[in-house]
$ cat data_35.pdb   # PDB, C-alpha atoms
MODEL        1
ATOM      1  CA  MET A   1      21.091  50.835  -1.689
ATOM      2  CA  ASN A   2      18.426  50.062  -4.222
ATOM      3  CA  LYS A   3      14.759  49.837  -3.049
ATOM      4  CA  THR A   4      14.407  46.240  -4.262
ATOM      5  CA  ASN A   5      17.500  45.146  -2.347
ATOM      6  CA  PHE A   6      16.291  46.987   0.754
ATOM      7  CA  PHE A   7      12.922  45.184   0.714
ATOM      8  CA  ASP A   8      14.528  41.820  -0.077
ATOM      9  CA  ASP A   9      16.951  42.299   2.810
ATOM     10  CA  LEU A  10      14.132  43.379   5.125
ATOM     11  CA  GLN A  11      12.049  40.366   4.133
ATOM     12  CA  ALA A  12      14.999  38.024   4.710
ATOM     13  CA  LYS A  13      15.572  39.498   8.181
ATOM     14  CA  ILE A  14      11.879  39.191   9.067
ATOM     15  CA  ASN A  15      11.782  35.586   7.852
ATOM     16  CA  GLN A  16      14.899  34.804   9.889
ATOM     17  CA  ALA A  17      13.365  36.408  12.991
ATOM     18  CA  ILE A  18      10.182  34.380  12.534
ATOM     19  CA  GLU A  19      12.142  31.154  12.042
ATOM     20  CA  ASN A  20      14.064  31.763  15.275
ATOM     21  CA  SER A  21      11.089  32.976  17.306
ATOM     22  CA  PRO A  22       9.400  31.040  20.100
ATOM     23  CA  ALA A  23       6.187  31.132  18.055
ATOM     24  CA  ARG A  24       7.813  28.878  15.443
ATOM     25  CA  ASP A  25       8.837  26.391  18.155
ATOM     26  CA  LEU A  26       5.323  26.517  19.582
ATOM     27  CA  GLU A  27       3.856  25.837  16.135
ATOM     28  CA  LYS A  28       6.167  22.845  15.664
ATOM     29  CA  ASN A  29       5.264  21.472  19.107
ATOM     30  CA  VAL A  30       1.518  21.890  18.526
ATOM     31  CA  LYS A  31       1.767  20.185  15.123
ATOM     32  CA  SER A  32       3.722  17.348  16.691
ATOM     33  CA  MET A  33       1.178  16.924  19.496
ATOM     34  CA  LEU A  34      -1.755  16.975  17.069
ATOM     35  CA  THR A  35      -0.084  14.478  14.752
ATOM     36  CA  GLN A  36       0.625  12.193  17.675
ATOM     37  CA  GLY A  37      -2.954  12.531  18.961
ATOM     38  CA  PHE A  38      -4.481  11.867  15.542
ATOM     39  CA  SER A  39      -2.296   8.810  15.049
ATOM     40  CA  LYS A  40      -3.828   7.282  18.189
ATOM     41  CA  LEU A  41      -7.337   7.752  16.810
ATOM     42  CA  ASP A  42      -8.850   5.384  14.286
ATOM     43  CA  LEU A  43      -9.252   7.949  11.504
ATOM     44  CA  VAL A  44      -9.552   7.473   7.750
ATOM     45  CA  THR A  45      -8.609   9.785   4.940
ATOM     46  CA  ARG A  46     -11.267  11.626   2.973
ATOM     47  CA  GLU A  47     -10.451   9.456  -0.057
ATOM     48  CA  GLU A  48     -11.015   6.242   1.926
ATOM     49  CA  PHE A  49     -14.268   7.652   3.304
ATOM     50  CA  ASP A  50     -15.534   8.580  -0.177
ATOM     51  CA  ILE A  51     -14.685   5.112  -1.524
ATOM     52  CA  GLN A  52     -16.543   3.423   1.330
ATOM     53  CA  ALA A  53     -19.537   5.732   0.785
ATOM     54  CA  GLN A  54     -19.640   4.637  -2.881
ATOM     55  CA  VAL A  55     -19.409   0.970  -1.885
ATOM     56  CA  LEU A  56     -22.237   1.479   0.608
ATOM     57  CA  ALA A  57     -24.416   3.192  -2.007
ATOM     58  CA  LYS A  58     -23.901   0.306  -4.460
ATOM     59  CA  THR A  59     -24.618  -2.246  -1.746
ATOM     60  CA  ARG A  60     -27.775  -0.399  -0.726
ATOM     61  CA  ALA A  61     -28.990  -0.347  -4.349
ATOM     62  CA  LYS A  62     -28.359  -4.089  -4.705
ATOM     63  CA  LEU A  63     -30.149  -4.775  -1.424
ATOM     64  CA  GLU A  64     -33.182  -2.777  -2.528
ATOM     65  CA  ALA A  65     -33.273  -4.701  -5.832
ATOM     66  CA  LEU A  66     -33.041  -8.022  -3.994
ATOM     67  CA  GLU A  67     -35.777  -7.004  -1.549
ATOM     68  CA  ALA A  68     -38.040  -6.107  -4.456
ATOM     69  CA  ARG A  69     -37.285  -9.451  -6.143
ATOM     70  CA  VAL A  70     -38.017 -11.390  -2.929
ATOM     71  CA  ALA A  71     -41.296  -9.510  -2.494
ATOM     72  CA  GLU A  72     -42.199 -10.356  -6.116
ATOM     73  CA  LEU A  73     -41.405 -14.042  -5.603
ATOM     74  CA  GLU A  74     -43.363 -14.144  -2.342
ATOM     75  CA  ALA A  75     -46.347 -12.586  -4.102
ATOM     76  CA  GLN A  76     -46.143 -15.256  -6.794
ATOM     77  CA  LEU A  77     -46.071 -18.014  -4.160
ATOM     78  CA  LYS A  78     -49.177 -16.636  -2.450
ATOM     79  CA  LYS A  79     -51.201 -16.620  -5.691
ATOM     80  CA  PRO A  80     -53.417 -19.669  -6.093
ATOM     81  CA  GLN A  81     -52.431 -21.618  -9.130
TER      82      GLN A  81
ENDMDL
END

$ encode --input "data_35.pdb" --output "structure tokens"
Amino acid sequence: MNKTNFFDDLQAKINQAIENSPARDLEKNVKSMLTQGFSKLDLVTREEFDIQAQVLAKTRAKLEALEARVAELEAQLKKPQ
């Protein structure tokens, strides 16, 4: 038997043992439970979060500009003509 075939065969047997092991079933069950738990929560993806952060930053900049404009107009109203 060639060394490459021996290691390939050994790797295949190890992979098969891992696939059939209780640890694999446990991993599947934990993933399933976590997925189910996360689906009950009101979570957003990172992409959605980043988009909303950009929208908030733009809105904040517009608000600051409007506040400055209102302050400027109020100052003009207070000046005696």

$ axis_aligned_box --input "data_35.pdb" --around "segment 53-63 of chain A" --padding-each-side "3 Å" --output "AutoDock Vina command-line options"
--center_x -24.8 --center_y 0.5 --center_z -2.0 --size_x 16.7 --size_y 16.5 --size_z 11.5

$ atom_distance --input "data_35.pdb" --atom1 "atom CA of Pro22 of chain A" --atom2 "atom CA of Leu34 of chain A"
18.2 Å

$ atom_distance --input "data_35.pdb" --atom1 "atom CA of Arg24 of chain A" --atom2 "atom CA of Gln11 of chain A"
16.7 Å

$ atom_distance --input "data_35.pdb" --atom1 "atom CA of Phe38 of chain A" --atom2 "atom CA of Asn15 of chain A"
29.8 Å

$ decode --input "data_35.pdb" --residues "segment 57-73 of chain A" --atoms "N, CA and C atoms" --output "PDB file, in the first residue's frame"
ATOM      1  N   ALA A  57     -26.539  58.778  10.873  1.00  0.00           N
ATOM      2  CA  ALA A  57     -25.492  59.791  10.767  1.00  0.00           C
ATOM      3  C   ALA A  57     -25.921  60.925   9.831  1.00  0.00           C
ATOM      4  N   LYS A  58     -26.532  60.571   8.709  1.00  0.00           N
ATOM      5  CA  LYS A  58     -27.021  61.601   7.768  1.00  0.00           C
ATOM      6  C   LYS A  58     -28.122  62.436   8.408  1.00  0.00           C
ATOM      7  N   THR A  59     -29.025  61.773   9.107  1.00  0.00           N
ATOM      8  CA  THR A  59     -30.122  62.484   9.767  1.00  0.00           C
ATOM      9  C   THR A  59     -29.582  63.426  10.840  1.00  0.00           C
ATOM     10  N   ARG A  60     -28.602  62.968  11.588  1.00  0.00           N
ATOM     11  CA  ARG A  60     -28.003  63.797  12.631  1.00  0.00           C
ATOM     12  C   ARG A  60     -27.337  65.037  12.017  1.00  0.00           C
ATOM     13  N   ALA A  61     -26.655  64.855  10.889  1.00  0.00           N
ATOM     14  CA  ALA A  61     -25.997  65.987  10.226  1.00  0.00           C
ATOM     15  C   ALA A  61     -27.040  66.994   9.735  1.00  0.00           C
ATOM     16  N   LYS A  62     -28.131  66.501   9.172  1.00  0.00           N
ATOM     17  CA  LYS A  62     -29.196  67.400   8.709  1.00  0.00           C
ATOM     18  C   LYS A  62     -29.830  68.135   9.883  1.00  0.00           C
ATOM     19  N   LEU A  63     -30.049  67.434  10.984  1.00  0.00           N
ATOM     20  CA  LEU A  63     -30.629  68.057  12.167  1.00  0.00           C
ATOM     21  C   LEU A  63     -29.727  69.165  12.701  1.00  0.00           C
ATOM     22  N   GLU A  64     -28.430  68.897  12.761  1.00  0.00           N
ATOM     23  CA  GLU A  64     -27.500  69.922  13.236  1.00  0.00           C
ATOM     24  C   GLU A  64     -27.507  71.143  12.319  1.00  0.00           C
ATOM     25  N   ALA A  65     -27.595  70.929  11.006  1.00  0.00           N
ATOM     26  CA  ALA A  65     -27.656  72.047  10.060  1.00  0.00           C
ATOM     27  C   ALA A  65     -28.936  72.843  10.257  1.00  0.00           C
ATOM     28  N   LEU A  66     -30.049  72.148  10.449  1.00  0.00           N
ATOM     29  CA  LEU A  66     -31.326  72.832  10.672  1.00  0.00           C
ATOM     30  C   LEU A  66     -31.332  73.596  12.001  1.00  0.00           C
ATOM     31  N   GLU A  67     -30.739  73.018  13.035  1.00  0.00           N
ATOM     32  CA  GLU A  67     -30.659  73.719  14.315  1.00  0.00           C
ATOM     33  C   GLU A  67     -29.831  74.992  14.183  1.00  0.00           C
ATOM     34  N   ALA A  68     -28.747  74.913  13.443  1.00  0.00           N
ATOM     35  CA  ALA A  68     -27.919  76.104  13.232  1.00  0.00           C
ATOM     36  C   ALA A  68     -28.697  77.153  12.455  1.00  0.00           C
ATOM     37  N   ARG A  69     -29.447  76.734  11.449  1.00  0.00           N
ATOM     38  CA  ARG A  69     -30.243  77.680  10.640  1.00  0.00           C
ATOM     39  C   ARG A  69     -31.337  78.329  11.487  1.00  0.00           C
ATOM     40  N   VAL A  70     -31.997  77.556  12.333  1.00  0.00           N
ATOM     41  CA  VAL A  70     -33.040  78.109  13.213  1.00  0.00           C
ATOM     42  C   VAL A  70     -32.420  79.103  14.184  1.00  0.00           C
ATOM     43  N   ALA A  71     -31.277  78.792  14.735  1.00  0.00           N
ATOM     44  CA  ALA A  71     -30.601  79.704  15.659  1.00  0.00           C
ATOM     45  C   ALA A  71     -30.240  81.007  14.939  1.00  0.00           C
ATOM     46  N   GLU A  72     -29.792  80.893  13.687  1.00  0.00           N
ATOM     47  CA  GLU A  72     -29.451  82.074  12.882  1.00  0.00           C
ATOM     48  C   GLU A  72     -30.694  82.929  12.623  1.00  0.00           C
ATOM     49  N   LEU A  73     -31.787  82.287  12.272  1.00  0.00           N
ATOM     50  CA  LEU A  73     -33.032  83.033  12.022  1.00  0.00           C
ATOM     51  C   LEU A  73     -33.575  83.671  13.300  1.00  0.00           C
TER      52      LEU A  73
END
